[in-house]
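So the structure is just underneath, and the comments pick up after that.
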Amino acid sequence: MSTQTAIEHVAAHPRAEVASWHQRLLALLGPVTSLAGVGWAIVQPYRVTVLHPHGQGFWWLAVEPPLLVVLAGVLFHLFVARMLIQDLTAAD
């Protein structure tokens, strides 16, 4: 595809380029958030209890801030971003 043809395509369909940018951004938000949670757990390992929590219950292990960030990223990607991307695609 020549440069001239690509420029004509973008000039003829400016909205298609914007929509694809939005779709890419939405598709990346969940994984980037999950990656930030994993990075947080690596940078501050004392936030995630790996060994015996010394008298603490299940919630002490399950509700750790970095794990919640990873879970939020995964849930956003699976349930929110996919639906929004479908809506953006249908709008075009």
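Just remember, in the structure tokens the first chain shown is A, the second B, etc., residues are 1-based per chain, and ligands are 1-based in the order shown.
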
Point to revise | Shell of 9 Å around segment 83-89 of chain A, only C-alpha atoms, local chain residues under 4 positions omitted, as a ChimeraX atom specification | key: /A:19-20,22-24,26-27,78-79

Export of the given selection (N, CA and C atoms) as a PDB file, in the first residue's frame:
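What landed in part.pdb:
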ATOM      1  N   ALA A  19     -11.723   5.554  16.212  1.00  0.00           N
ATOM      2  CA  ALA A  19     -12.370   4.422  16.880  1.00  0.00           C
ATOM      3  C   ALA A  19     -11.363   3.313  17.155  1.00  0.00           C
ATOM      4  N   SER A  20     -10.470   3.049  16.223  1.00  0.00           N
ATOM      5  CA  SER A  20      -9.498   1.989  16.457  1.00  0.00           C
ATOM      6  C   SER A  20      -8.540   2.378  17.582  1.00  0.00           C
ATOM      7  N   HIS A  22      -9.366   4.202  20.186  1.00  0.00           N
ATOM      8  CA  HIS A  22     -10.139   3.986  21.415  1.00  0.00           C
ATOM      9  C   HIS A  22     -10.231   2.500  21.746  1.00  0.00           C
ATOM     10  N   GLN A  23     -10.415   1.699  20.732  1.00  0.00           N
ATOM     11  CA  GLN A  23     -10.504   0.257  20.947  1.00  0.00           C
ATOM     12  C   GLN A  23      -9.192  -0.296  21.485  1.00  0.00           C
ATOM     13  N   ARG A  24      -8.091   0.161  20.923  1.00  0.00           N
ATOM     14  CA  ARG A  24      -6.783  -0.306  21.416  1.00  0.00           C
ATOM     15  C   ARG A  24      -6.551   0.133  22.853  1.00  0.00           C
ATOM     16  N   LEU A  26      -8.851   0.762  25.174  1.00  0.00           N
ATOM     17  CA  LEU A  26      -9.714  -0.045  26.047  1.00  0.00           C
ATOM     18  C   LEU A  26      -9.187  -1.464  26.208  1.00  0.00           C
ATOM     19  N   ALA A  27      -8.655  -2.024  25.127  1.00  0.00           N
ATOM     20  CA  ALA A  27      -8.128  -3.386  25.194  1.00  0.00           C
ATOM     21  C   ALA A  27      -6.884  -3.465  26.067  1.00  0.00           C
ATOM     22  N   LEU A  78     -12.285  -8.602  30.992  1.00  0.00           N
ATOM     23  CA  LEU A  78     -13.232  -9.640  30.588  1.00  0.00           C
ATOM     24  C   LEU A  78     -14.660  -9.131  30.416  1.00  0.00           C
ATOM     25  N   PHE A  79     -15.109  -8.247  31.298  1.00  0.00           N
ATOM     26  CA  PHE A  79     -16.518  -7.897  31.313  1.00  0.00           C
ATOM     27  C   PHE A  79     -16.835  -6.487  30.827  1.00  0.00           C
TER      28      PHE A  79
END

Point to revise | Val63 of chain A surroundings by only C-alpha atoms, 10 Å radius, close-in-sequence under 5 positions cut, as JSON, numbers by chain | key: {"A": [48, 49, 58, 68]}

Print the selection's residues with C-alpha atoms to a file, as a PDB file, in the first residue's frame.
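The file below, again.pdb, is the result:
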ATOM      1  CA  VAL A  48       1.273 -10.106  49.869  1.00  0.00           C
ATOM      2  CA  THR A  49       1.288 -12.747  52.573  1.00  0.00           C
ATOM      3  CA  PHE A  58      -8.733 -16.330  55.132  1.00  0.00           C
ATOM      4  CA  LEU A  68      -7.255  -6.774  44.245  1.00  0.00           C
TER       5      LEU A  68
END

Practice item. Would you list the contacts of Leu29 of chain A as a PyMOL selection string, taking every protein, DNA or RNA residue within 9 Å and counting only C-alpha atoms, but skipping same-chain residues closer than 2 positions in sequence? Key: chain A and resi 24-27+31-34+73+76-77+81

Writing out the chosen residues with C-alpha atoms as a short mmCIF file (atom, residue, chain, number, x, y, z; two decimals), in the first residue's frame:
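Full text of selection.cif as output:
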data_model
loop_
_atom_site.label_atom_id
_atom_site.label_comp_id
_atom_site.auth_asym_id
_atom_site.auth_seq_id
_atom_site.Cartn_x
_atom_site.Cartn_y
_atom_site.Cartn_z
CA ARG A 24 -6.78 -0.31 21.42
CA LEU A 25 -6.77 1.84 24.55
CA LEU A 26 -9.71 -0.05 26.05
CA ALA A 27 -8.13 -3.39 25.19
CA PRO A 31 -3.82 -5.96 31.16
CA VAL A 32 -1.83 -2.84 32.09
CA THR A 33 -3.73 -2.59 35.38
CA SER A 34 -3.06 -6.25 36.12
CA GLY A 73 -7.73 -5.48 35.79
CA PHE A 76 -12.38 -5.02 33.61
CA HIS A 77 -10.80 -6.72 30.61
CA ALA A 81 -13.68 -3.57 27.92
#

Check your understanding: Which neighbours of Ala41 of chain A fall inside 9 Å, counting only C-alpha atoms, when residues of the same chain fewer than 4 positions from it are skipped, and could you give them as a ChimeraX atom specification?
Key -> /A:36-37,45-48,65-67

Exercise for review: Tell me, in Å to one decimal, how far atom CA of Leu35 of chain A is from atom CA of Leu61 of chain A.
Suggested key: 19.8 Å
